[in-house]
Number of protein chains: 2
Amino acid sequence: MPDPITGPRPTLEAVAARAGVSRATASRVVNGGAGVRAPLVDKVRRAVEELGYVPNHAARTLVTRRNGAVAVIIAEPEFRIFSDPFFAQQVRGISRELTANDSQLVLLWVEGRGDHDRIARYLGGGHVDGALAFSVHNDDELPALIEKSRIPTVFGGRPVEERSLAAPYVDCDNRGGARQAVQHLVSQGRRRIAHIAGPPDLTAAIDRVDGYRDVLIDADPSMVCQGDFTEKGGALAMAELLERHPDLDAVFAANDLTALGALRTLRERGVRVPEDVAVVGFDDMASVVEQADPALTTVHQDIEGMGRLMVKLLMRLLDETGGPAPASVITPTSLIHRASA
Amino acid sequence: MPDPITGPRPTLEAVAARAGVSRATASRVVNGGAGVRAPLVDKVRRAVEELGYVPNHAARTLVTRRNGAVAVIIAEPEFRIFSDPFFAQQVRGISRELTANDSQLVLLWVEGRGDHDRIARYLGGGHVDGALAFSVHNDDELPALIEKSRIPTVFGGRPVEERSLAAPYVDCDNRGGARQAVQHLVSQGRRRIAHIAGPPDLTAAIDRVDGYRDVLIDADPSMVCQGDFTEKGGALAMAELLERHPDLDAVFAANDLTALGALRTLRERGVRVPEDVAVVGFDDMASVVEQADPALTTVHQDIEGMGRLMVKLLMRLLDETGGPAPASVITPTSLIHRASA
DNA sequence: GCCCCTGCTGGGAGCGCTCTCACACCGCCG
DNA sequence: CGGCGGTGTGAGAGCGCTCCCAGCAGGGGC
C-alpha cells in the first residue's frame, strides 16, 4: 500500500489513481465538484485528504491564464508611508478582501523614475491579474505607465486628471468632509477660521482646501497656510498663522497629524483649546487621535473599507461576464465630535 | 510581414520563428545566452525586442519549480505595524533586495489564529520559494506553523526559543545596544538611571532590559517601569517613574517613541533635559527622532539593512549549490550622540 | 587524410493542470 | 422494444517553457 506522504508533492494524476477515477474527474472535484456524482466526489475528496494534495498553481495558471494575484503598487516618493498609518490601514483592508477572493497580494514598491521599466515589465509580464495603485501625486507618471500596460487597475485616491476612459478610483469625499468640518466650526460661532493645508500636489489636500473655501467663500487667503501632512509641519504652520492672525478662533487642519502639531504649538503658546481656538482634524486615525490632548474632533473616513472597496471594484473589472465597467466611488465622511472643537 | 505587436502575447516559439532559430536556442538566449554564438544571440535579442516578448512566468515555474517569489509574513496581533515605522522600513529593505534578486514580494497578513490554516495551505502550496517572517511575540504559534510547512524561512527578530535546527534569524544587538546606552549615561556621571521597558512578550524588549541590567547589576527593580513601545506608554511610565524616584537623573527608553513620550512628560513637569534628566532612546527612527525636543540621543540600528540581510540569508538558503546553511546574524548598533544625553 | 573531440544547435519529451469532445449509460416516451 | 435526450465520465490535446540528448559541424592531432 504505497502512501507517499512525504517526498515529491502528489499530482492530480496520483489523486485520480488513488480514487480510481480519471484525471478529468479528479480535476472537476478539486474545482468544486459540479457535475460529478456524490460517491465519486467522496472518493476523490478522501484521496486528496490522504495524499495531502495541493494543486500546482503554476500549472493551473498556465492553462487558465488567471494568476490569483494582484499587484499593489506603492510609489516610493511618498515619504508619508513611513509616518502615516494611512497606507498600512488601507493595505490591511486590501489584504483582507483579497483573501476573501482567494487572491494574493504582490507588493510592488516603486523606487522612483528609474524603476518604471521594471514595473512596466512586471505588469506586462502577466504575473498578476490586476493592480491597485495609489496615485495621488500630481507629477507622477505612474498612472500613465500603468494605463499603458493595459492591466486592469483601480486607483486609490483621485488622480489629478480624471480621464474619461481611465481606470476607476476610490476616494473619500475629501471636499465634502472639509465642508463638514468648517461648517461645524461656523455653527459653533467661530468667525476667524484658518486652514493648514496639505502638500499642494496631493489631490486629497487640494480637495480639502476647496471644501474649506466652499464654506468660507471670501476667506482671507492669508488664513490658509501650507503644511505637509506631518506633525512638525502642522506645528510650524500654526505658529505662522498665529503670527499673521493673533485673533483667529479656529483651525481646520488638513489631517490629524497636522492637527496634532497645531495643538502642540497652541499648548506651548498657552492658547486654550477649544476655549480660545477650536481645532478640527481630518482622517480620524486611531493611533494619532489617541495622542491628542484635548481629544481631537476630526473628520472620519473608513480607510480600511476603502481598501476593501478597491479590491471589490477590481474583481468586478476582472469579471469577464460582461456587466458595465465599475465606476469610481467616493465614500462618505462623517464628523466625529470630540473635545477640541 | 506579420508583426503582432498587439493581440495575444508572443511566445518563445514566435521569437524563435522570427529569429530563425529553434525554441531551445531562443530559450538559451532569453536566459542569459550562454553557449550560443554571438550572431544568433543578436538575432534572438532583436526578435524579442520587436515582438515585445515577455517570458510566461507560469510556464517557467512549472518546469523549473522556482517561483521567483517570496512571502513576507506579518502577524496581525502586532498593532505596532500601524504606529511604528519600523516594519515599513524593514519591508522596504526587503523589497529592494528582492528586486535585486529578481524575486517578488508576496505579502501575507495573518489575521490571528483562525487564519493559520490559510497560511499553512499557502506556504505548503508551493506558491513561493521561501518566506520571511517576523516573529517577536512570545506566544505566537506562527514559527512552529512555518517550520512545519518546511519552507525555507528567515526570521526577523530573535524568536523566543532558539531551537538548534530552527531557521536563521536576523536581529540587531539589542542587548549590546542597551549596554551602550546605559554605559554612556554612566560615563556622563548619571547615577540614578531608570529604564522604561517595552512589551514583555517581545524579545527585543526583553533583551534591552537585560542590557540595562548588565550595566546596572544591582539596580533597584522599581527603577524599571513597563512601557509598550508607544509614545503614550512612554509618557505614562515616565510619570510613574518620577513619582517613585523624584531624584532620578537619567532614563533609558526602550525605543524612540517611548523616549518621545518621556520627553513630553518631563517637559510638562518642567524638568530640564538633559540638565536634570538625561534621556536616551533606541532605534534612531528618523521620523520619530526629528520630532524630539531636545534632539534625541539614541541607539542606531540599520533597519533597512536588516531587511536586506534577511533576503540575502534566504537566498543563500535557497541556493542549492551546497554550502553550509547560513547562520543567524546579529547586526551591530551604535550610539548616536545628540542633545538629550 | 582520417578520426576523435569539442562546441553549438535542434528535436522532443514532459512539467501538472484544464477543458473540449466523444462516448457510454440510463431512463423515458412512443 | 427501439430510439432519443440528458447526464457523467474519460481520453487526449494542449498551455509555454526548460532541458536532456542526439546530431552535426569544425578543428586539431597523428
# chains A, B, ... in the order shown; residues from 1 in each chain; ligands from 1
$ interface_residues --of "chain D" --to "chain A" --cutoff "7 Å" --atoms "only C-alpha atoms (C1' of nucleotides)" --output "PyMOL selection string"
chain D and resi 8+10+15
$ write_last_selection --atoms "N, CA, C and O atoms (P, O5', C5', C4', C3', O3' and C1' of nucleotides)" --output "tab-separated table (two decimals), in the first residue's frame"
chain	number	residue	atom	x	y	z
D	8	DG	P	-25.38	14.41	-13.40
D	8	DG	O5'	-24.11	13.45	-13.41
D	8	DG	C5'	-23.80	12.86	-14.62
D	8	DG	C4'	-22.97	11.60	-14.44
D	8	DG	C3'	-21.60	11.84	-13.83
D	8	DG	O3'	-21.09	10.58	-13.37
D	8	DG	C1'	-21.42	11.58	-16.18
D	10	DG	P	-13.94	8.06	-14.99
D	10	DG	O5'	-13.36	8.17	-16.47
D	10	DG	C5'	-13.79	7.23	-17.44
D	10	DG	C4'	-13.09	7.49	-18.77
D	10	DG	C3'	-11.59	7.73	-18.66
D	10	DG	O3'	-10.98	7.12	-19.79
D	10	DG	C1'	-12.60	9.61	-19.67
D	15	DC	P	-1.32	25.40	-27.43
D	15	DC	O5'	-1.17	26.11	-26.02
D	15	DC	C5'	-2.26	26.72	-25.36
D	15	DC	C4'	-1.85	27.03	-23.95
D	15	DC	C3'	-0.41	27.54	-23.84
D	15	DC	O3'	-0.45	28.97	-23.83
D	15	DC	C1'	-0.90	25.86	-22.15
$ select_by_dssp --residues "stretch 175-232 of chain A" --states "strand (DSSP E)" --output "PyMOL selection string"
chain A and resi 193-197+224-226
$ write_last_selection --atoms "N, CA and C atoms" --output "PDB file, in the first residue's frame"
ATOM      1  N   ILE A 193     -11.639  81.559  10.978  1.00  0.00           N
ATOM      2  CA  ILE A 193     -11.247  80.153  10.835  1.00  0.00           C
ATOM      3  C   ILE A 193     -10.096  80.002   9.846  1.00  0.00           C
ATOM      4  N   ALA A 194      -8.985  79.483  10.333  1.00  0.00           N
ATOM      5  CA  ALA A 194      -7.817  79.288   9.472  1.00  0.00           C
ATOM      6  C   ALA A 194      -7.774  77.844   8.974  1.00  0.00           C
ATOM      7  N   HIS A 195      -6.907  77.621   8.005  1.00  0.00           N
ATOM      8  CA  HIS A 195      -6.745  76.263   7.469  1.00  0.00           C
ATOM      9  C   HIS A 195      -5.262  75.976   7.284  1.00  0.00           C
ATOM     10  N   ILE A 196      -4.847  74.814   7.784  1.00  0.00           N
ATOM     11  CA  ILE A 196      -3.480  74.370   7.497  1.00  0.00           C
ATOM     12  C   ILE A 196      -3.603  73.307   6.417  1.00  0.00           C
ATOM     13  N   ALA A 197      -3.137  73.629   5.241  1.00  0.00           N
ATOM     14  CA  ALA A 197      -3.320  72.746   4.086  1.00  0.00           C
ATOM     15  C   ALA A 197      -2.249  71.668   4.038  1.00  0.00           C
ATOM     16  N   VAL A 224      -4.993  80.728   5.035  1.00  0.00           N
ATOM     17  CA  VAL A 224      -4.593  79.370   4.657  1.00  0.00           C
ATOM     18  C   VAL A 224      -3.069  79.287   4.656  1.00  0.00           C
ATOM     19  N   CYS A 225      -2.550  78.336   5.401  1.00  0.00           N
ATOM     20  CA  CYS A 225      -1.103  78.189   5.480  1.00  0.00           C
ATOM     21  C   CYS A 225      -0.718  76.781   5.049  1.00  0.00           C
ATOM     22  N   GLN A 226       0.402  76.727   4.357  1.00  0.00           N
ATOM     23  CA  GLN A 226       0.849  75.453   3.827  1.00  0.00           C
ATOM     24  C   GLN A 226       1.430  74.545   4.913  1.00  0.00           C
TER      25      GLN A 226
END
$ interface_residues --of "chain A" --to "chain B" --cutoff "6 Å" --atoms "only C-alpha atoms" --output "VMD selection string"
chain A and resid 54 58 to 59 62 82 85 105 to 107 125
$ write_last_selection --atoms "N, CA and C atoms" --output "mmCIF file, in the first residue's frame"
data_model
loop_
_atom_site.group_PDB
_atom_site.id
_atom_site.type_symbol
_atom_site.label_atom_id
_atom_site.label_comp_id
_atom_site.auth_asym_id
_atom_site.auth_seq_id
_atom_site.Cartn_x
_atom_site.Cartn_y
_atom_site.Cartn_z
ATOM 1 N N VAL A 54 -2.175 19.290 -2.947
ATOM 2 C CA VAL A 54 -2.388 20.725 -3.125
ATOM 3 C C VAL A 54 -2.165 21.026 -4.603
ATOM 4 N N ALA A 58 1.148 26.938 -10.637
ATOM 5 C CA ALA A 58 1.741 27.325 -11.923
ATOM 6 C C ALA A 58 1.049 26.599 -13.080
ATOM 7 N N ALA A 59 0.823 25.328 -12.873
ATOM 8 C CA ALA A 59 0.188 24.548 -13.939
ATOM 9 C C ALA A 59 -1.210 25.081 -14.228
ATOM 10 N N LEU A 62 -1.033 28.360 -15.999
ATOM 11 C CA LEU A 62 -0.586 28.177 -17.387
ATOM 12 C C LEU A 62 -1.777 27.985 -18.322
ATOM 13 N N PHE A 82 6.011 56.152 5.674
ATOM 14 C CA PHE A 82 6.704 55.823 6.905
ATOM 15 C C PHE A 82 6.048 56.415 8.138
ATOM 16 N N PRO A 85 -0.023 56.169 9.132
ATOM 17 C CA PRO A 85 -0.600 54.828 9.226
ATOM 18 C C PRO A 85 -1.651 54.595 8.146
ATOM 19 N N LEU A 105 -1.519 39.024 -2.601
ATOM 20 C CA LEU A 105 -1.108 40.413 -2.689
ATOM 21 C C LEU A 105 0.381 40.471 -3.013
ATOM 22 N N VAL A 106 0.692 40.969 -4.178
ATOM 23 C CA VAL A 106 2.093 41.144 -4.545
ATOM 24 C C VAL A 106 2.437 42.619 -4.406
ATOM 25 N N LEU A 107 3.392 42.879 -3.541
ATOM 26 C CA LEU A 107 3.731 44.268 -3.251
ATOM 27 C C LEU A 107 4.780 44.782 -4.229
ATOM 28 N N GLY A 125 4.105 41.433 -17.847
ATOM 29 C CA GLY A 125 4.522 40.034 -17.861
ATOM 30 C C GLY A 125 3.454 39.035 -17.466
#
$ interface_residues --of "chain C" --to "chain A" --cutoff "12 Å" --atoms "only C-alpha atoms (C1' of nucleotides)" --output "list in words"
DC15, DG16, DC17, DT18, DC19 and DT20 of chain C
$ atom_distance --atom1 "atom CA of A:Ala254" --atom2 "atom CA of A:Asn174"
9.7 Å
$ select_by_dssp --residues "stretch 89-302 of chain B" --states "helix (DSSP H, G or I)" --output "ChimeraX atom specification"
/B:89-100,113-124,142-148,174-187,203-215,221-223,231-244,256-268,286-289
$ residues_around --residues "stretch 186-188 of chain A" --least-positions-apart "2" --cutoff "10 Å" --atoms "only C-alpha atoms (C1' of nucleotides)" --output "NGL selection string"
:A and (180-184 or 190-193 or 215-216 or 250 or 278 or 341)
